[in-house]
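Here's the structure we're looking at; comments come further down.
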Amino acid sequence: MASWALGLLLLAFAWNGKGMFRYYCGMAPLNIKVVGGVTSAQGSWPWLASLHIGSATVARFHTCGGTLLNQQWVLTAAHCIQSMTVSDYTVFLGRQTQQGPNPNEVQRSVLQIFIHPSYDVSPVNGSDLALLRLNGAVQYSDYIRPVCLADSVSTFNDTSCYLTGWGKQTQAASAVSNVIQQTLVPVVSRAQCQSHFPSVNISAAMLCAGEPGKGICQGDSGSPLICKQNSVWIQAGVVSFGDICARGIPDVYTRVSAHQTWIRDQVAAAGGSAGVAQIGFSSFVSGAGGAISSSSSSSSSSSSSAAGLRHVTLSSLLLLTALLG
């Protein structure tokens, strides 16, 4: 085998110590180049999941995003779980469009749901996370791959990351976006974020990002905030709540790195140590290894502000309910 081919193979797979190869997390071979605030190319975000809800009497529809952690686990937001009846949910992976053909898509039903126990105490305390165990393993391809999760020592100061999802593009839109949207947003400090949400404690378990004209909207909840370091994409946050779509107030994400232990524990309890070993945690270091800085992203940010994603799904209602007590 030619040396270049061997190199590509090693980039695509990692030895798991048990006599088998597995895909590296955070690798997106079809995502050659991305720019802020545009429709994404097919296969650009191979870990992105579309969570649909419905029943025998209610037609299924996209309600939230999520990310594939390994062949049988998906991470999303706790507030996306409107029913604990597993048959109400369908997860689509390898999906590009909500209405057209998706030749690279697979779908799975949900076997188990795990909601972070602290979420029941308050939906705005930084524990807005849920894990979905799929009813069957999915096969990896260029269009379906696991994401890397930020580990407990990761930092995101002066960093810009990508928000991806099918959320509405304006507050007034009648439906979610048909095709995956992507936009580059700067991470902002807790102090700056706190000034916009005086009635909520912006804790260390939260991460804030966004700028005028660029943010989350209905349909984006549970979707990932993804940061690139060298050639690896690392998930920093899960869309939790915000204000009016892209008004300029930063959006709030559940910080993935604050929940590494909880994620590992749930997967180990339900799926065993093998499932945990297949989930990739990586350290993201601000300003290191090709991370996108806020200053270097400013030019693409201004040119894409009208086309980026916008604000929250059910989370605005959750925030209002929580604040009114």
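All residue names refer to the structure tokens as shown: chains lettered A, B, ... in order, residues numbered from 1 in each chain, ligands numbered from 1 in order.
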
Can you tell me which residues surround Gly275 in chain A at a distance of at most 9 Å, considering only C-alpha atoms, apart from same-chain residues fewer than 2 positions away, and format the answer as a ChimeraX atom specification? /A:70-73,264,267-268,270-273,277-279

Choose the residue, out of A:Asp243, A:Trp45, A:Leu132, A:Thr261, that has the smallest atom-to-atom separation from Phe197 in chain A; count only C-alpha atoms.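 When distances to Phe197 in chain A are compared using only C-alpha atoms, the smallest one comes from A:Asp243.
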
If DSSP is run on the backbone, what residues of range 200-252 of chain A are strand (DSSP E or B)? A reply as number ranges by chain would be ideal. A: 206-209, 211, 214, 224-229, 232-241, 251-252

Polymer residues at most 12 Å from Ser174 in chain A, only C-alpha atoms, same-chain spacing of 6 or more positions, as a list in words: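 Here the qualifying residues turn out to be Gly167, Lys168, Cys217, Gln218 and Gly219 of chain A.
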
May I have the residues within 8 Å of range 112-117 of chain A as a PyMOL selection string, using only C-alpha atoms and disregarding those fewer than 2 positions away in the same chain? chain A and resi 78+84+86+110+119-121+127-134+262+266

Write the residues you've just listed into a file as a short mmCIF file (atom, residue, chain, number, x, y, z; two decimals), in the first residue's frame, and include N, CA, C and O atoms for each of them.
data_model
loop_
_atom_site.label_atom_id
_atom_site.label_comp_id
_atom_site.auth_asym_id
_atom_site.auth_seq_id
_atom_site.Cartn_x
_atom_site.Cartn_y
_atom_site.Cartn_z
N ALA A 78 -32.09 18.21 27.25
CA ALA A 78 -33.15 17.60 28.05
C ALA A 78 -34.51 18.20 27.71
O ALA A 78 -35.53 17.50 27.72
N MET A 84 -41.60 10.72 27.67
CA MET A 84 -40.68 9.64 28.03
C MET A 84 -41.05 8.33 27.36
O MET A 84 -40.48 7.29 27.65
N VAL A 86 -40.61 6.06 24.53
CA VAL A 86 -39.54 5.97 23.54
C VAL A 86 -40.07 5.83 22.12
O VAL A 86 -39.44 6.28 21.16
N VAL A 110 -35.75 4.87 19.32
CA VAL A 110 -35.04 5.08 20.58
C VAL A 110 -35.35 3.95 21.54
O VAL A 110 -36.52 3.59 21.75
N TYR A 119 -31.57 18.44 35.87
CA TYR A 119 -32.44 19.23 35.01
C TYR A 119 -33.83 19.40 35.62
O TYR A 119 -34.47 20.44 35.46
N ASP A 120 -34.30 18.39 36.34
CA ASP A 120 -35.61 18.47 36.98
C ASP A 120 -35.66 19.55 38.05
O ASP A 120 -36.72 20.07 38.38
N VAL A 121 -34.52 19.89 38.61
CA VAL A 121 -34.45 20.91 39.65
C VAL A 121 -34.66 22.29 39.03
O VAL A 121 -35.41 23.12 39.52
N SER A 127 -27.66 22.02 33.24
CA SER A 127 -27.73 20.56 33.13
C SER A 127 -28.76 20.14 32.07
O SER A 127 -29.35 19.06 32.17
N ASP A 128 -28.94 20.96 31.07
CA ASP A 128 -29.93 20.69 30.02
C ASP A 128 -29.36 19.69 29.01
O ASP A 128 -29.02 20.03 27.88
N LEU A 129 -29.27 18.44 29.44
CA LEU A 129 -28.69 17.37 28.62
C LEU A 129 -29.55 16.11 28.70
O LEU A 129 -30.14 15.81 29.74
N ALA A 130 -29.59 15.39 27.59
CA ALA A 130 -30.23 14.08 27.56
C ALA A 130 -29.44 13.17 26.63
O ALA A 130 -28.85 13.63 25.65
N LEU A 131 -29.43 11.90 26.96
CA LEU A 131 -28.79 10.88 26.12
C LEU A 131 -29.86 9.94 25.59
O LEU A 131 -30.76 9.51 26.33
N LEU A 132 -29.74 9.61 24.31
CA LEU A 132 -30.67 8.67 23.67
C LEU A 132 -29.88 7.43 23.26
O LEU A 132 -28.87 7.54 22.55
N ARG A 133 -30.34 6.28 23.72
CA ARG A 133 -29.74 5.02 23.27
C ARG A 133 -30.59 4.48 22.13
O ARG A 133 -31.79 4.24 22.30
N LEU A 134 -29.98 4.31 20.98
CA LEU A 134 -30.71 3.87 19.80
C LEU A 134 -31.00 2.38 19.86
O LEU A 134 -30.30 1.62 20.54
N TRP A 262 -20.82 12.45 33.85
CA TRP A 262 -22.22 12.00 33.75
C TRP A 262 -22.44 11.23 32.44
O TRP A 262 -23.09 10.18 32.44
N GLN A 266 -23.58 7.18 32.37
CA GLN A 266 -24.84 6.69 31.79
C GLN A 266 -24.58 5.63 30.73
O GLN A 266 -25.26 4.60 30.68
#

Which residues come within 8 Å of Ser203 in chain A, counting only C-alpha atoms, excluding same-chain residues fewer than 3 positions away, as a ChimeraX atom specification? /A:125-126,190,206

So the first atom is CA of Val285 in chain A and the second is CA of Tyr24 in chain A; what is the distance between them in Å, to one decimal place?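 Separating CA of Val285 in chain A from CA of Tyr24 in chain A is a distance of 19.0 Å.
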
Near Asn157 in chain A, within 9 Å and counting only C-alpha atoms, which residues show up once chain neighbours fewer than 6 positions away are dropped, as a PDB file with C-alpha atoms, in the first residue's frame?
ATOM      1  CA  VAL A 187     -17.807  32.494  22.305  1.00  0.00           C
ATOM      2  CA  VAL A 188     -18.380  35.281  24.848  1.00  0.00           C
ATOM      3  CA  SER A 189     -17.346  35.519  28.498  1.00  0.00           C
ATOM      4  CA  VAL A 285      -7.204  24.602  24.101  1.00  0.00           C
ATOM      5  CA  SER A 286      -8.118  28.194  23.249  1.00  0.00           C
ATOM      6  CA  GLY A 287      -5.888  29.653  20.559  1.00  0.00           C
ATOM      7  CA  SER A 293     -10.083  32.870  17.064  1.00  0.00           C
TER       8      SER A 293
END

So what do you get for CA of Val58 in chain A versus CA of Val138 in chain A, distance-wise?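 Between CA of Val58 in chain A and CA of Val138 in chain A the gap works out to 26.5 Å.
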
I need the residues of range 33-194 of chain A that end up classed as helix (DSSP H, G or I) by DSSP on the backbone, written out as a ChimeraX atom specification. /A:78-80,86-88,117-120,190-194

Output the selection as a JSON list (two decimals), in the first residue's frame - N, CA and C atoms for each residue.
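Below is the file that was written, result_8.json:
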[["chain", "number", "residue", "atom", "x", "y", "z"],
["A", 78, "ALA", "N", -32.09, 18.21, 27.25],
["A", 78, "ALA", "CA", -33.15, 17.60, 28.05],
["A", 78, "ALA", "C", -34.51, 18.20, 27.71],
["A", 79, "HIS", "N", -34.55, 19.51, 27.41],
["A", 79, "HIS", "CA", -35.85, 20.12, 27.15],
["A", 79, "HIS", "C", -36.45, 19.66, 25.82],
["A", 80, "CYS", "N", -35.66, 18.94, 25.02],
["A", 80, "CYS", "CA", -36.19, 18.36, 23.78],
["A", 80, "CYS", "C", -37.07, 17.14, 24.06],
["A", 86, "VAL", "N", -40.61, 6.06, 24.53],
["A", 86, "VAL", "CA", -39.54, 5.97, 23.54],
["A", 86, "VAL", "C", -40.07, 5.83, 22.12],
["A", 87, "SER", "N", -41.24, 5.25, 21.97],
["A", 87, "SER", "CA", -41.79, 5.04, 20.62],
["A", 87, "SER", "C", -42.21, 6.35, 19.96],
["A", 88, "ASP", "N", -42.24, 7.43, 20.72],
["A", 88, "ASP", "CA", -42.61, 8.73, 20.15],
["A", 88, "ASP", "C", -41.48, 9.36, 19.34],
["A", 117, "PRO", "N", -30.22, 14.28, 35.88],
["A", 117, "PRO", "CA", -31.09, 14.38, 37.07],
["A", 117, "PRO", "C", -31.24, 15.80, 37.60],
["A", 118, "SER", "N", -30.24, 16.65, 37.41],
["A", 118, "SER", "CA", -30.32, 18.03, 37.91],
["A", 118, "SER", "C", -31.23, 18.90, 37.06],
["A", 119, "TYR", "N", -31.57, 18.44, 35.87],
["A", 119, "TYR", "CA", -32.44, 19.23, 35.01],
["A", 119, "TYR", "C", -33.83, 19.40, 35.62],
["A", 120, "ASP", "N", -34.30, 18.39, 36.34],
["A", 120, "ASP", "CA", -35.61, 18.47, 36.98],
["A", 120, "ASP", "C", -35.66, 19.55, 38.05],
["A", 190, "ARG", "N", -18.46, 34.65, 30.45],
["A", 190, "ARG", "CA", -19.59, 34.47, 31.36],
["A", 190, "ARG", "C", -20.10, 35.82, 31.86],
["A", 191, "ALA", "N", -19.18, 36.75, 32.14],
["A", 191, "ALA", "CA", -19.58, 38.07, 32.64],
["A", 191, "ALA", "C", -20.43, 38.80, 31.61],
["A", 192, "GLN", "N", -20.01, 38.76, 30.35],
["A", 192, "GLN", "CA", -20.78, 39.42, 29.30],
["A", 192, "GLN", "C", -22.14, 38.76, 29.14],
["A", 193, "CYS", "N", -22.16, 37.45, 29.19],
["A", 193, "CYS", "CA", -23.42, 36.70, 29.06],
["A", 193, "CYS", "C", -24.34, 37.00, 30.24],
["A", 194, "GLN", "N", -23.78, 37.05, 31.44],
["A", 194, "GLN", "CA", -24.57, 37.30, 32.64],
["A", 194, "GLN", "C", -25.29, 38.64, 32.57]]

From A:Ala258, A:Ile244, A:Ala288, A:Thr159, residue lying nearest Asn230 in chain A [only C-alpha atoms]: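 Ranked by minimum distance to Asn230 in chain A, first place goes to A:Ala288.
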
Who sits within 10 Å of Gln99 in chain A, only C-alpha atoms, same chain under 6 positions skipped, as a ChimeraX atom specification: /A:177-179

Using N, CA, C and O atoms, can you export the residues from the last selection as a PDB file, in the first residue's frame?
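File selection30.pdb, as written:
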ATOM      1  N   SER A 177     -35.676  25.096   8.842  1.00  0.00           N
ATOM      2  CA  SER A 177     -34.944  25.099   7.579  1.00  0.00           C
ATOM      3  C   SER A 177     -35.000  23.720   6.936  1.00  0.00           C
ATOM      4  O   SER A 177     -34.949  22.701   7.630  1.00  0.00           O
ATOM      5  N   ASN A 178     -35.078  23.696   5.632  1.00  0.00           N
ATOM      6  CA  ASN A 178     -35.117  22.417   4.929  1.00  0.00           C
ATOM      7  C   ASN A 178     -33.746  21.745   4.919  1.00  0.00           C
ATOM      8  O   ASN A 178     -33.642  20.527   5.066  1.00  0.00           O
ATOM      9  N   VAL A 179     -32.686  22.547   4.739  1.00  0.00           N
ATOM     10  CA  VAL A 179     -31.322  22.028   4.639  1.00  0.00           C
ATOM     11  C   VAL A 179     -30.510  22.520   5.836  1.00  0.00           C
ATOM     12  O   VAL A 179     -30.754  23.611   6.362  1.00  0.00           O
TER      13      VAL A 179
END
